[in-house]
>>> print(open('final-v5.csv').read())   # CSV, C-alpha atoms
chain,number,residue,atom,x,y,z
A,1,MET,CA,-21.4,-12.2,6.2
A,2,VAL,CA,-18.3,-12.2,4.0
A,3,PRO,CA,-15.9,-15.2,4.7
A,4,THR,CA,-12.5,-14.1,6.0
A,5,ASN,CA,-10.8,-16.2,3.2
A,6,TYR,CA,-12.2,-13.8,0.6
A,7,TYR,CA,-10.4,-10.8,2.2
A,8,ILE,CA,-7.2,-12.8,2.5
A,9,ILE,CA,-7.3,-13.9,-1.2
A,10,LEU,CA,-8.0,-10.3,-2.2
A,11,SER,CA,-5.1,-9.1,-0.1
A,12,ALA,CA,-2.8,-11.7,-1.7
A,13,VAL,CA,-3.9,-10.7,-5.2
A,14,LEU,CA,-3.3,-7.0,-4.5
A,15,PHE,CA,0.1,-7.8,-3.0
A,16,GLY,CA,1.0,-9.8,-6.1
A,17,LEU,CA,-0.1,-7.0,-8.4
A,18,GLY,CA,2.2,-4.7,-6.3
A,19,ILE,CA,5.1,-7.0,-6.8
A,20,ILE,CA,4.4,-7.1,-10.6
A,21,ALA,CA,4.2,-3.3,-10.7
A,22,PHE,CA,7.5,-3.1,-8.8
A,23,VAL,CA,9.3,-5.4,-11.1
A,24,PHE,CA,8.0,-4.2,-14.4
A,25,LYS,CA,7.7,-0.4,-14.1
A,26,ARG,CA,10.6,1.8,-14.9
A,27,ASN,CA,9.5,5.2,-13.4
A,28,ILE,CA,10.9,5.6,-9.9
A,29,ILE,CA,7.7,7.3,-8.6
A,30,THR,CA,5.6,4.5,-9.9
A,31,LEU,CA,7.9,2.0,-8.1
A,32,PHE,CA,7.1,4.0,-4.9
A,33,MET,CA,3.4,3.7,-5.6
A,34,ALA,CA,3.8,-0.1,-6.0
A,35,ILE,CA,5.3,-0.2,-2.5
A,36,GLU,CA,2.3,1.7,-1.2
A,37,LEU,CA,0.0,-0.8,-2.9
A,38,MET,CA,1.7,-3.7,-1.2
A,39,LEU,CA,1.4,-1.9,2.2
A,40,ASN,CA,-2.3,-1.4,1.6
A,41,ALA,CA,-2.7,-5.1,0.8
A,42,VAL,CA,-1.1,-6.1,4.1
A,43,ASN,CA,-3.3,-3.6,5.9
A,44,LEU,CA,-6.4,-5.4,4.5
A,45,ALA,CA,-5.1,-8.7,5.8
A,46,PHE,CA,-4.5,-7.1,9.2
A,47,VAL,CA,-8.0,-5.7,9.5
A,48,ALA,CA,-9.6,-8.9,8.2
A,49,PHE,CA,-7.8,-11.1,10.8
A,50,SER,CA,-8.4,-8.6,13.5
A,51,ARG,CA,-12.2,-8.6,12.9
A,52,ALA,CA,-12.3,-12.4,12.5
A,53,LEU,CA,-10.5,-13.0,15.8
A,54,GLY,CA,-12.5,-10.3,17.5
A,55,LYS,CA,-9.4,-8.5,18.8
A,56,PRO,CA,-8.8,-4.8,17.8
A,57,ASP,CA,-5.0,-5.1,18.1
A,58,GLY,CA,-4.7,-5.6,14.3
A,59,GLU,CA,-6.4,-2.3,13.6
A,60,VAL,CA,-3.9,-0.5,15.9
A,61,PHE,CA,-1.1,-2.2,13.8
A,62,VAL,CA,-2.8,-0.8,10.7
A,63,LEU,CA,-2.5,2.7,12.2
A,64,PHE,CA,1.2,2.2,12.8
A,65,VAL,CA,1.7,0.9,9.3
A,66,ILE,CA,0.0,4.1,7.9
A,67,VAL,CA,2.3,6.3,10.1
A,68,VAL,CA,5.4,4.5,8.8
A,69,ALA,CA,4.1,4.7,5.2
A,70,ALA,CA,3.6,8.5,5.6
A,71,ALA,CA,7.2,8.9,7.0
A,72,GLU,CA,8.5,6.7,4.2
A,73,ALA,CA,6.7,8.7,1.5
A,74,ALA,CA,8.1,12.0,2.9
A,75,VAL,CA,11.7,10.7,2.9
A,76,GLY,CA,11.4,8.7,-0.3
A,77,LEU,CA,10.0,11.6,-2.3
A,78,GLY,CA,12.8,13.8,-1.0
A,79,ILE,CA,15.3,11.3,-2.4
A,80,ILE,CA,13.3,11.2,-5.7
A,81,ILE,CA,13.5,15.0,-6.0
A,82,LEU,CA,17.3,14.8,-5.3
A,83,THR,CA,17.8,12.0,-7.9
A,84,ALA,CA,15.8,13.9,-10.5
A,85,ARG,CA,17.8,17.0,-9.9
A,86,ASN,CA,21.2,15.2,-10.2
A,87,ARG,CA,20.4,12.7,-13.0
A,88,ARG,CA,17.8,14.7,-15.1
A,89,SER,CA,15.8,11.5,-15.4
A,90,LEU,CA,13.3,9.4,-13.4
A,91,ASN,CA,14.1,6.1,-15.1
A,92,VAL,CA,15.5,3.6,-12.6
A,93,GLU,CA,17.8,2.2,-15.4
A,94,ARG,CA,19.7,5.6,-15.3
A,95,VAL,CA,20.2,5.5,-11.6
A,96,ASN,CA,23.1,3.1,-11.6
A,97,LEU,CA,25.8,4.7,-9.5
A,98,LEU,CA,26.0,1.8,-7.1
A,99,LYS,CA,25.9,-0.8,-9.9
A,100,LEU,CA,28.9,-3.0,-10.4
B,1,MET,CA,-26.1,-14.0,-2.3
B,2,THR,CA,-26.4,-11.6,0.6
B,3,PRO,CA,-26.0,-7.8,0.0
B,4,SER,CA,-22.7,-7.7,1.9
B,5,ILE,CA,-21.1,-10.3,-0.4
B,6,LEU,CA,-22.3,-8.3,-3.4
B,7,ILE,CA,-20.8,-5.1,-1.9
B,8,PHE,CA,-17.6,-7.0,-1.2
B,9,PHE,CA,-17.3,-8.2,-4.8
B,10,VAL,CA,-18.0,-4.7,-6.3
B,11,LEU,CA,-15.3,-3.1,-4.1
B,12,ALA,CA,-12.9,-6.0,-4.7
B,13,ALA,CA,-13.3,-5.7,-8.4
B,14,LEU,CA,-12.8,-1.9,-8.2
B,15,ALA,CA,-9.5,-2.5,-6.2
B,16,VAL,CA,-8.2,-5.1,-8.6
B,17,ILE,CA,-9.1,-3.0,-11.7
B,18,GLY,CA,-7.3,0.0,-10.1
B,19,ALA,CA,-4.2,-2.1,-9.3
B,20,VAL,CA,-4.1,-3.5,-12.9
B,21,SER,CA,-4.6,0.0,-14.3
B,22,LEU,CA,-1.6,1.2,-12.1
B,23,ILE,CA,0.5,-1.3,-14.0
B,24,LEU,CA,-0.8,-0.7,-17.5
B,25,GLN,CA,-0.8,3.1,-17.5
B,26,ARG,CA,2.4,4.6,-18.9
B,27,HIS,CA,2.1,8.1,-17.4
B,28,PRO,CA,2.9,8.4,-13.6
B,29,ILE,CA,-0.1,10.7,-13.0
B,30,HIS,CA,-2.5,8.2,-14.4
B,31,SER,CA,-0.9,5.5,-12.2
B,32,ALA,CA,-1.3,7.8,-9.1
B,33,LEU,CA,-5.0,8.3,-9.9
B,34,SER,CA,-5.5,4.5,-10.3
B,35,LEU,CA,-3.9,4.1,-6.9
B,36,ILE,CA,-6.4,6.5,-5.4
B,37,VAL,CA,-9.2,4.3,-6.7
B,38,VAL,CA,-7.6,1.3,-5.0
B,39,MET,CA,-7.3,3.2,-1.7
B,40,VAL,CA,-10.9,4.4,-1.7
B,41,ALA,CA,-12.1,0.8,-2.6
B,42,LEU,CA,-10.0,-0.5,0.3
B,43,ALA,CA,-11.6,2.2,2.6
B,44,GLY,CA,-15.0,0.8,1.6
B,45,LEU,CA,-13.9,-2.7,2.5
B,46,TYR,CA,-12.7,-1.6,5.9
B,47,LEU,CA,-16.1,-0.1,6.5
B,48,LEU,CA,-17.7,-3.4,5.4
B,49,LEU,CA,-15.4,-5.1,8.0
B,50,GLY,CA,-16.6,-2.7,10.6
B,51,ALA,CA,-13.4,-0.8,11.2
B,52,GLU,CA,-14.7,2.7,11.0
B,53,PHE,CA,-11.7,4.6,12.4
B,54,VAL,CA,-9.3,2.8,10.0
B,55,THR,CA,-11.7,3.8,7.2
B,56,ALA,CA,-11.5,7.5,8.1
B,57,VAL,CA,-7.7,7.3,8.5
B,58,GLN,CA,-7.3,5.5,5.2
B,59,ILE,CA,-9.2,8.2,3.3
B,60,ILE,CA,-7.7,11.2,5.2
B,61,VAL,CA,-4.1,10.1,5.4
B,62,TYR,CA,-3.6,7.7,2.4
B,63,GLY,CA,-6.2,9.0,-0.1
B,64,GLY,CA,-5.6,12.6,1.0
B,65,ALA,CA,-2.2,13.4,2.3
B,66,ILE,CA,0.1,10.8,0.9
B,67,MET,CA,-1.4,10.7,-2.6
B,68,VAL,CA,-1.5,14.5,-2.8
B,69,LEU,CA,2.2,14.4,-1.9
B,70,PHE,CA,2.8,12.0,-4.8
B,71,ILE,CA,0.8,14.0,-7.3
B,72,PHE,CA,2.6,17.2,-6.1
B,73,VAL,CA,6.0,15.6,-6.8
B,74,ILE,CA,4.9,14.2,-10.2
B,75,MET,CA,3.8,17.7,-11.2
B,76,LEU,CA,6.8,19.4,-9.7
B,77,LEU,CA,9.2,17.2,-11.7
B,78,ASN,CA,7.0,17.3,-14.8
B,79,ASP,CA,8.0,13.9,-15.9
B,80,GLY,CA,6.5,12.5,-19.2
B,81,GLU,CA,5.6,9.1,-20.3
B,82,GLU,CA,7.8,6.2,-19.2
B,83,GLU,CA,10.2,5.1,-21.8
B,84,ARG,CA,10.2,1.4,-22.8
B,85,THR,CA,13.4,-0.5,-22.1
B,86,ASN,CA,14.3,-4.1,-22.7
B,87,PHE,CA,14.2,-6.3,-19.7
B,88,SER,CA,17.5,-7.5,-18.4
B,89,LYS,CA,18.4,-11.2,-18.7
B,90,LEU,CA,18.3,-11.5,-14.9
B,91,ALA,CA,14.7,-10.3,-14.8
B,92,THR,CA,13.6,-12.7,-17.5
B,93,PHE,CA,15.3,-15.8,-16.3
B,94,GLY,CA,15.4,-15.2,-12.6
B,95,GLY,CA,12.6,-12.7,-11.8
B,96,ILE,CA,9.6,-14.3,-13.6
B,97,PRO,CA,10.2,-17.9,-12.2
B,98,LEU,CA,10.7,-16.3,-8.8
B,99,ALA,CA,7.4,-14.3,-9.1
B,100,VAL,CA,5.6,-17.5,-10.1
B,101,ALA,CA,7.1,-19.3,-7.1
B,102,ILE,CA,6.0,-16.6,-4.7
B,103,ALA,CA,2.5,-16.6,-6.2
B,104,GLY,CA,2.4,-20.4,-5.9
B,105,LEU,CA,3.6,-20.3,-2.3
B,106,ILE,CA,0.9,-17.8,-1.3
B,107,ALA,CA,-1.8,-19.7,-3.2
B,108,ALA,CA,-0.8,-23.0,-1.6
B,109,ALA,CA,-0.8,-21.4,1.9
B,110,ILE,CA,-4.3,-20.1,1.3
B,111,ALA,CA,-5.5,-23.4,-0.2
B,112,HIS,CA,-4.2,-25.3,2.8
B,113,SER,CA,-5.8,-23.0,5.4
B,114,THR,CA,-9.2,-24.5,6.2
B,115,GLY,CA,-12.2,-22.4,6.8
B,116,ASP,CA,-11.7,-22.5,10.6
B,117,LEU,CA,-11.8,-18.7,11.0
B,118,PRO,CA,-15.2,-17.3,11.7
B,119,ALA,CA,-16.7,-15.0,9.1
B,120,ALA,CA,-15.5,-11.5,9.5
B,121,THR,CA,-18.1,-9.0,10.8
B,122,ALA,CA,-20.3,-11.9,12.0
B,123,ASN,CA,-22.3,-9.7,14.3
B,124,GLY,CA,-22.0,-6.5,12.2
B,125,SER,CA,-20.7,-4.4,15.1
B,126,LEU,CA,-18.2,-1.6,14.7
B,127,THR,CA,-14.8,-1.3,16.4
B,128,SER,CA,-15.3,1.9,18.3
B,129,SER,CA,-12.7,4.7,18.3
B,130,LYS,CA,-12.8,4.4,22.1
B,131,THR,CA,-11.7,0.8,22.1
B,132,LEU,CA,-8.8,1.7,19.7
B,133,SER,CA,-7.6,4.7,21.7
B,134,MET,CA,-7.7,2.7,24.9
B,135,LEU,CA,-5.5,0.1,23.3
B,136,ILE,CA,-3.1,2.7,21.8
B,137,PHE,CA,-2.6,4.5,25.1
B,138,THR,CA,-2.3,1.4,27.3
B,139,ASP,CA,-0.9,-1.7,25.5
B,140,PHE,CA,0.8,0.1,22.6
B,141,VAL,CA,2.0,3.3,24.3
B,142,TYR,CA,5.7,2.7,23.7
B,143,PRO,CA,5.3,2.0,20.0
B,144,PHE,CA,3.0,5.1,19.8
B,145,GLU,CA,5.7,7.3,21.4
B,146,LEU,CA,8.3,5.8,19.1
B,147,THR,CA,6.2,6.8,16.1
B,148,SER,CA,6.6,10.4,17.2
B,149,PHE,CA,10.4,10.0,17.0
B,150,LEU,CA,10.0,8.4,13.6
B,151,ILE,CA,8.0,11.3,12.2
B,152,LEU,CA,10.5,13.8,13.7
B,153,ILE,CA,13.4,11.9,12.0
B,154,ALA,CA,11.4,11.7,8.7
B,155,ILE,CA,10.7,15.5,8.8
B,156,LEU,CA,14.4,16.3,9.4
B,157,GLY,CA,15.5,13.7,6.7
B,158,ALA,CA,13.1,15.2,4.1
B,159,ILE,CA,14.3,18.7,4.8
B,160,VAL,CA,18.0,17.7,4.6
B,161,LEU,CA,17.5,15.8,1.4
B,162,ALA,CA,15.4,18.3,-0.4
B,163,GLN,CA,17.4,21.5,0.4
B,164,ARG,CA,19.7,23.0,-2.1
B,165,GLU,CA,23.4,22.7,-1.5
B,166,ASN,CA,25.3,25.9,-0.9
>>> encode(input="final-v5.csv", output="structure tokens")
Amino acid sequence: MVPTNYYIILSAVLFGLGIIAFVFKRNIITLFMAIELMLNAVNLAFVAFSRALGKPDGEVFVLFVIVVAAAEAAVGLGIIILTARNRRSLNVERVNLLKL
Amino acid sequence: MTPSILIFFVLAALAVIGAVSLILQRHPIHSALSLIVVMVALAGLYLLLGAEFVTAVQIIVYGGAIMVLFIFVIMLLNDGEEERTNFSKLATFGGIPLAVAIAGLIAAAIAHSTGDLPAATANGSLTSSKTLSMLIFTDFVYPFELTSFLILIAILGAIVLAQREN
């Protein structure tokens, strides 16, 4: 009988680690993995609340989040391949065409 | 300490260690392998919560398909270790206080929420795939149909982006 609060705290910790990874990493693929980590943290909160409230709706939402993450990964990695081909680098500091 | 709490702490520690390792590793392939550890640990937590179908989807789609796609792209681009750069002034003076503020906000919200919620998996029952599929094809049938459009658009977008220009 694990209290629901434990799951929510773990979810918040994982989300925070995802934010830290997104801010501090410089490789564009690693930034993408940080986004996946944050999506996973949110999924954990969804499932924990769904089980605590006894309604399976939250688990259906998790399935939709996973579908969106898969679509996002396909498009995002396409953009990354294009960027790497044009810029010869995966460092986000070098991808500054839209920067003022 | 009941066995389920023990299993929870082992899996939670595994997930947090994997996430910290994702940040500390300098090579993207090591970060990707750390992320797979996090995803497998989360799949174990879903099973502990009694969400068996989500566990299977987590391992097959996340741990399998998406991470294989990531590793495939990392190996295709053959990128080496990440180079160190100085952090910009904006990140130092704006980003770090903002990160602390967000963490404080989340911590305060969790601290103020009382233990009114019942313990998850109080009866230890599983959410059956039948229940989930009934929900998807009755209450959530429009979002479900929309996801098929989303995937179609994603496939077209990926092909257009990745093809060579003539």
>>> axis_aligned_box(input="final-v5.csv", around="segment 30-42 of chain A", padding_each_side="3 Å", output="JSON")
{"center_x": 2.6, "center_y": -0.8, "center_z": -2.9, "size_x": 16.6, "size_y": 16.6, "size_z": 20.0}
>>> closest_residue(input="final-v5.csv", among="A:Ala45, A:Leu98, A:Ile79, A:Ile35", to="chain B", atoms="only C-alpha atoms")
A:Ile79
>>> atom_distance(input="final-v5.csv", atom1="atom CA of Leu39 of chain A", atom2="atom CA of Ala69 of chain A")
7.7 Å
>>> closest_residue(input="final-v5.csv", among="B:Val10, B:Met75, B:Leu22, B:Ala101", to="chain A", atoms="only C-alpha atoms")
B:Leu22
>>> residues_around(input="final-v5.csv", residues="segment 5-12 of chain A", least_positions_apart="5", cutoff="10 Å", atoms="all atoms listed in the file", output="MDAnalysis selection string")
(chainID A and resid 17:18 38:49) or (chainID B and resid 5 8:9 12:13 15:16 42 45 49 103 106:107 110:111 113:120)
>>> residues_around(input="final-v5.csv", residues="segment 70-77 of chain A", least_positions_apart="4", cutoff="10 Å", atoms="all atoms listed in the file", output="PDB file with C-alpha atoms, in the coordinates of the input")
ATOM      1  CA  ILE A  28      10.900   5.600  -9.900  1.00  0.00           C
ATOM      2  CA  ILE A  29       7.700   7.300  -8.600  1.00  0.00           C
ATOM      3  CA  PHE A  32       7.100   4.000  -4.900  1.00  0.00           C
ATOM      4  CA  MET A  33       3.400   3.700  -5.600  1.00  0.00           C
ATOM      5  CA  ILE A  35       5.300  -0.200  -2.500  1.00  0.00           C
ATOM      6  CA  GLU A  36       2.300   1.700  -1.200  1.00  0.00           C
ATOM      7  CA  PHE A  64       1.200   2.200  12.800  1.00  0.00           C
ATOM      8  CA  VAL A  65       1.700   0.900   9.300  1.00  0.00           C
ATOM      9  CA  ILE A  66       0.000   4.100   7.900  1.00  0.00           C
ATOM     10  CA  ILE A  81      13.500  15.000  -6.000  1.00  0.00           C
ATOM     11  CA  LEU A  82      17.300  14.800  -5.300  1.00  0.00           C
ATOM     12  CA  THR A  83      17.800  12.000  -7.900  1.00  0.00           C
TER      13      THR A  83
ATOM     14  CA  VAL B  61      -4.100  10.100   5.400  1.00  0.00           C
ATOM     15  CA  TYR B  62      -3.600   7.700   2.400  1.00  0.00           C
ATOM     16  CA  ALA B  65      -2.200  13.400   2.300  1.00  0.00           C
ATOM     17  CA  ILE B  66       0.100  10.800   0.900  1.00  0.00           C
ATOM     18  CA  MET B  67      -1.400  10.700  -2.600  1.00  0.00           C
ATOM     19  CA  LEU B  69       2.200  14.400  -1.900  1.00  0.00           C
ATOM     20  CA  PHE B  70       2.800  12.000  -4.800  1.00  0.00           C
ATOM     21  CA  VAL B  73       6.000  15.600  -6.800  1.00  0.00           C
ATOM     22  CA  ILE B  74       4.900  14.200 -10.200  1.00  0.00           C
ATOM     23  CA  THR B 147       6.200   6.800  16.100  1.00  0.00           C
ATOM     24  CA  LEU B 150      10.000   8.400  13.600  1.00  0.00           C
ATOM     25  CA  ILE B 151       8.000  11.300  12.200  1.00  0.00           C
ATOM     26  CA  LEU B 152      10.500  13.800  13.700  1.00  0.00           C
ATOM     27  CA  ILE B 153      13.400  11.900  12.000  1.00  0.00           C
ATOM     28  CA  ALA B 154      11.400  11.700   8.700  1.00  0.00           C
ATOM     29  CA  ILE B 155      10.700  15.500   8.800  1.00  0.00           C
ATOM     30  CA  LEU B 156      14.400  16.300   9.400  1.00  0.00           C
ATOM     31  CA  GLY B 157      15.500  13.700   6.700  1.00  0.00           C
ATOM     32  CA  ALA B 158      13.100  15.200   4.100  1.00  0.00           C
ATOM     33  CA  ILE B 159      14.300  18.700   4.800  1.00  0.00           C
ATOM     34  CA  VAL B 160      18.000  17.700   4.600  1.00  0.00           C
ATOM     35  CA  LEU B 161      17.500  15.800   1.400  1.00  0.00           C
ATOM     36  CA  ALA B 162      15.400  18.300  -0.400  1.00  0.00           C
TER      37      ALA B 162
END
>>> residues_around(input="final-v5.csv", residues="Glu52 of chain B", least_positions_apart="2", cutoff="8 Å", atoms="only C-alpha atoms", output="ChimeraX atom specification")
/B:46-47,50,54-56,126-129
>>> write_last_selection(input="final-v5.csv", atoms="C-alpha atoms", output="mmCIF file, keeping the file's coordinate frame")
data_model
loop_
_atom_site.group_PDB
_atom_site.id
_atom_site.type_symbol
_atom_site.label_atom_id
_atom_site.label_comp_id
_atom_site.auth_asym_id
_atom_site.auth_seq_id
_atom_site.Cartn_x
_atom_site.Cartn_y
_atom_site.Cartn_z
ATOM 1 C CA TYR B 46 -12.700 -1.600 5.900
ATOM 2 C CA LEU B 47 -16.100 -0.100 6.500
ATOM 3 C CA GLY B 50 -16.600 -2.700 10.600
ATOM 4 C CA VAL B 54 -9.300 2.800 10.000
ATOM 5 C CA THR B 55 -11.700 3.800 7.200
ATOM 6 C CA ALA B 56 -11.500 7.500 8.100
ATOM 7 C CA LEU B 126 -18.200 -1.600 14.700
ATOM 8 C CA THR B 127 -14.800 -1.300 16.400
ATOM 9 C CA SER B 128 -15.300 1.900 18.300
ATOM 10 C CA SER B 129 -12.700 4.700 18.300
#
>>> atom_distance(input="final-v5.csv", atom1="atom CA of Pro97 of chain B", atom2="atom CA of Leu97 of chain A")
27.6 Å
>>> atom_distance(input="final-v5.csv", atom1="atom CA of Ile23 of chain B", atom2="atom CA of Phe22 of chain A")
8.9 Å
>>> closest_residue(input="final-v5.csv", among="B:Leu6, B:Ala51, B:Ala108, B:Leu35", to="Ala52 of chain A", atoms="all atoms listed in the file")
B:Ala51
>>> build_atoms(input="final-v5.csv", residues="segment 43-60 of chain A", atoms="N, CA and C atoms", output="short mmCIF file (atom, residue, chain, number, x, y, z; two decimals), in the frame of the given file")
data_model
loop_
_atom_site.label_atom_id
_atom_site.label_comp_id
_atom_site.auth_asym_id
_atom_site.auth_seq_id
_atom_site.Cartn_x
_atom_site.Cartn_y
_atom_site.Cartn_z
N ASN A 43 -2.35 -4.22 4.99
CA ASN A 43 -3.30 -3.60 5.90
C ASN A 43 -4.65 -4.33 5.86
N LEU A 44 -5.07 -4.68 4.63
CA LEU A 44 -6.40 -5.40 4.50
C LEU A 44 -6.35 -6.70 5.22
N ALA A 45 -5.24 -7.45 5.10
CA ALA A 45 -5.10 -8.70 5.80
C ALA A 45 -5.18 -8.51 7.32
N PHE A 46 -4.47 -7.45 7.79
CA PHE A 46 -4.50 -7.10 9.20
C PHE A 46 -5.89 -6.90 9.74
N VAL A 47 -6.65 -6.04 9.03
CA VAL A 47 -8.00 -5.70 9.50
C VAL A 47 -8.90 -6.93 9.42
N ALA A 48 -8.77 -7.74 8.35
CA ALA A 48 -9.60 -8.90 8.20
C ALA A 48 -9.40 -9.90 9.35
N PHE A 49 -8.11 -10.18 9.66
CA PHE A 49 -7.80 -11.10 10.80
C PHE A 49 -8.25 -10.52 12.09
N SER A 50 -8.05 -9.21 12.27
CA SER A 50 -8.40 -8.60 13.50
C SER A 50 -9.93 -8.71 13.76
N ARG A 51 -10.73 -8.51 12.70
CA ARG A 51 -12.20 -8.60 12.90
C ARG A 51 -12.60 -10.08 13.06
N ALA A 52 -11.89 -11.01 12.36
CA ALA A 52 -12.30 -12.40 12.50
C ALA A 52 -12.00 -12.96 13.85
N LEU A 53 -10.87 -12.51 14.46
CA LEU A 53 -10.50 -13.00 15.80
C LEU A 53 -11.15 -12.20 16.88
N GLY A 54 -11.81 -11.09 16.53
CA GLY A 54 -12.50 -10.30 17.50
C GLY A 54 -11.58 -9.47 18.41
N LYS A 55 -10.31 -9.28 17.98
CA LYS A 55 -9.40 -8.50 18.80
C LYS A 55 -9.02 -7.23 17.96
N PRO A 56 -9.12 -6.02 18.55
CA PRO A 56 -8.80 -4.80 17.80
C PRO A 56 -7.32 -4.53 17.65
N ASP A 57 -6.43 -5.39 18.14
CA ASP A 57 -5.00 -5.10 18.10
C ASP A 57 -4.53 -4.93 16.61
N GLY A 58 -5.11 -5.72 15.69
CA GLY A 58 -4.70 -5.60 14.30
C GLY A 58 -4.98 -4.25 13.72
N GLU A 59 -6.07 -3.61 14.16
CA GLU A 59 -6.40 -2.30 13.60
C GLU A 59 -5.40 -1.25 14.14
N VAL A 60 -4.91 -1.44 15.39
CA VAL A 60 -3.90 -0.50 15.90
C VAL A 60 -2.60 -0.68 15.05
#
